[in-house]
Amino acid sequence: MEKIRVVIAEDEAMTRELLARLIGLEPDIEVVGQAPNGKVAIGLCRKLMPDVLLTDIRMPEMDGIQATKTIKSEMPSIQVVILTIHHDDSNVFEGIKAGARGYVLKESPPEQTVAAIRAVARGEALLHSSIASRVIAEFNRLTEQHEVDLRLYTQLTDREREVLKLLALGKRNREIAEELFIAEKTVKNHVSNILWKLECNDRTQAALFASRVKL
């Protein structure tokens, strides 16, 4: 049986060695490399092309999230499991957005880490239960926000959408007027209507709205 080849990235040497020993006891998993930070982990992945990278988040020189982004961009076949003591929302979603398919807390029993490695190696995903509930809640929130955004966006006229797009690019009223061949006063009126229809307080909020609807 072909073994799952794993690289471990963890800045604490004792923790890294312990992980390597525990994971290496599994008959279907082989630890092929160890790294003290994300930068070294990227180099090992380029050289060894493992099946899975098991990485901590907070490490010196380069953290696990940045390493995940680079590895998934250059070597998409390598799957990533994040192993961390941090389960706050920002770290969870940054790791998932970076491309990680497994997320396990350090306090979890070793068998959960092993299960995550096997799952991502099969092309599946495995998140700790406390993290999964947060992901579902955030997905529901984003879905509801998207529905509200679309409802508001449909209230805009075609011209207002053009103005919003240019506003989101950081253009001033005069620049927008010149590009659309309309009076600056007309642009000002359009911007006022856009803010009112989108329930935004200022141009910055309107620009963020445009980003959310991928205008």
# chains A, B, ... in the order shown; residues from 1 in each chain; ligands from 1

$ residues_around --residues "Leu54 of chain A" --least-positions-apart "4" --cutoff "12 Å" --atoms "only C-alpha atoms" --output "ChimeraX atom specification"
/A:4-10,16,19-20,23,31-38,41-42,45,50,64-65,67-68,78-84,100-106,113-114,116-118,120-121

$ select_by_dssp --residues "chain A" --states "strand (DSSP E)" --output "PyMOL selection string"
chain A and resi 4-9+29-35+52-55+79-84+102-105+126-127

$ closest_residue --among "A:Ala132, A:Thr154, A:Glu26, A:Asp63" --to "Phe93 of chain A" --atoms "only C-alpha atoms"
A:Ala132

$ closest_residue --among "A:Asn193, A:Pro110, A:Val187, A:Thr70" --to "Leu18 of chain A" --atoms "only C-alpha atoms"
A:Pro110

$ residues_around --residues "Ala98 of chain A" --least-positions-apart "3" --cutoff "8 Å" --atoms "only C-alpha atoms" --output "PDB file with C-alpha atoms, in the first residue's frame"
ATOM      1  CA  ILE A  65      -1.599  30.641   6.396  1.00  0.00           C
ATOM      2  CA  GLN A  66       0.851  32.410   4.092  1.00  0.00           C
ATOM      3  CA  THR A  68      -0.667  27.491   2.624  1.00  0.00           C
ATOM      4  CA  LYS A  69      -1.472  30.233   0.103  1.00  0.00           C
ATOM      5  CA  LYS A  72      -1.789  25.820  -2.956  1.00  0.00           C
ATOM      6  CA  GLU A  94      -8.189  32.808   6.702  1.00  0.00           C
ATOM      7  CA  GLY A  95      -6.903  29.231   6.743  1.00  0.00           C
TER       8      GLY A  95
END

$ residues_around --residues "Asp149 of chain A" --least-positions-apart "2" --cutoff "9 Å" --atoms "only C-alpha atoms" --output "list in words"
Glu144, Gln145, His146, Glu147, Arg151, Leu152, Tyr153, Thr154, Leu198, Phe209, Arg212 and Val213 of chain A

$ select_by_dssp --residues "chain A" --states "alpha helix (DSSP H)" --output "number ranges by chain"
A: 13-24, 38-48, 64-74, 89-98, 110-121, 129-153, 158-168, 173-180, 184-197, 203-212
